[in-house]
Amino acid sequence: MQTIIHFANLIFKPIIDLGAPPIMLIVLTLIAWAIGVKFSRALEGGIKLAIALTAISDIINLLTTQYQSALNAFVKSTNIVNCYRCWLGTTCNHHMGFALYLILSSHYDYC
């Protein structure tokens, strides 16, 4: 049993160490190919997903490192956290909270 685990670690550990985008590329490609999609289209979908995951992680990384102080200042100056709580149902006299509520409720009414 230990030999099987060691062999599986030799194969899968380098792939896992690559991160989420390459793993999702492989997984999505194999799943799509297994359900009957042509391999070229399945690979195309996997590549698009890997690119999207890379972009999302880069944007999150950028927002949480480079723009963190600016975002904190924005939240503090606009009091947007309290206004979001207004939308959730607590009482608040902020006009921005009411505007946020109107924007969000009108968006969901027309979906």
# chains A, B, ... in the order shown; residues from 1 in each chain; ligands from 1
>>> residues_around(residues="Thr29 in chain A", least_positions_apart="2", cutoff="8 Å", atoms="only C-alpha atoms", output="ChimeraX atom specification")
/A:25-27,31-33,39,42-43,45-46
>>> residues_around(residues="Pro22 in chain A", least_positions_apart="6", cutoff="12 Å", atoms="only C-alpha atoms", output="compact mmCIF listing (two decimals) with N, CA and C atoms, in the first residue's frame")
# COMPACT_ATOMS: atom_id res chain seq x y z
N PRO A 14 3.74 16.89 -8.33
CA PRO A 14 4.19 18.01 -9.18
C PRO A 14 3.03 18.76 -9.84
N ILE A 15 1.97 18.05 -10.20
CA ILE A 15 0.82 18.70 -10.82
C ILE A 15 0.10 19.56 -9.78
N ILE A 16 -0.07 19.05 -8.58
CA ILE A 16 -0.74 19.80 -7.52
C ILE A 16 0.07 21.04 -7.15
N LEU A 28 -11.06 19.93 -16.29
CA LEU A 28 -12.14 20.31 -17.20
C LEU A 28 -11.97 19.65 -18.57
N THR A 29 -10.75 19.58 -19.05
CA THR A 29 -10.51 18.94 -20.34
C THR A 29 -10.92 17.47 -20.30
N LEU A 43 -10.09 20.97 -24.73
CA LEU A 43 -8.84 21.63 -24.36
C LEU A 43 -8.99 23.15 -24.41
N GLY A 46 -10.72 24.20 -21.29
CA GLY A 46 -9.80 24.10 -20.17
C GLY A 46 -8.80 25.26 -20.14
N ILE A 47 -8.30 25.63 -21.30
CA ILE A 47 -7.36 26.75 -21.38
C ILE A 47 -8.04 28.05 -20.99
N LYS A 48 -9.27 28.26 -21.46
CA LYS A 48 -10.00 29.48 -21.10
C LYS A 48 -10.24 29.55 -19.60
N LEU A 49 -10.58 28.43 -18.98
CA LEU A 49 -10.79 28.41 -17.54
C LEU A 49 -9.49 28.70 -16.80
N ALA A 50 -8.40 28.13 -17.26
CA ALA A 50 -7.10 28.38 -16.61
C ALA A 50 -6.72 29.85 -16.72
N ILE A 51 -6.96 30.46 -17.86
CA ILE A 51 -6.67 31.89 -18.03
C ILE A 51 -7.55 32.72 -17.10
N ALA A 52 -8.83 32.37 -17.00
CA ALA A 52 -9.74 33.12 -16.13
C ALA A 52 -9.33 32.99 -14.66
N LEU A 53 -8.96 31.80 -14.24
CA LEU A 53 -8.53 31.62 -12.84
C LEU A 53 -7.25 32.40 -12.55
N THR A 54 -6.34 32.42 -13.51
CA THR A 54 -5.11 33.19 -13.32
C THR A 54 -5.42 34.67 -13.21
>>> atom_distance(atom1="CA of Ile11 in chain A", atom2="CA of Ile23 in chain A")
13.0 Å
>>> closest_residue(among="A:Ala8, A:Ala55, A:Ile35, A:Met1", to="Pro21 in chain A", atoms="only C-alpha atoms")
A:Ala55
>>> atom_distance(atom1="CA of Thr3 in chain A", atom2="CA of Ala34 in chain A")
29.0 Å
>>> atom_distance(atom1="CA of Ala20 in chain A", atom2="CA of Arg41 in chain A")
20.3 Å
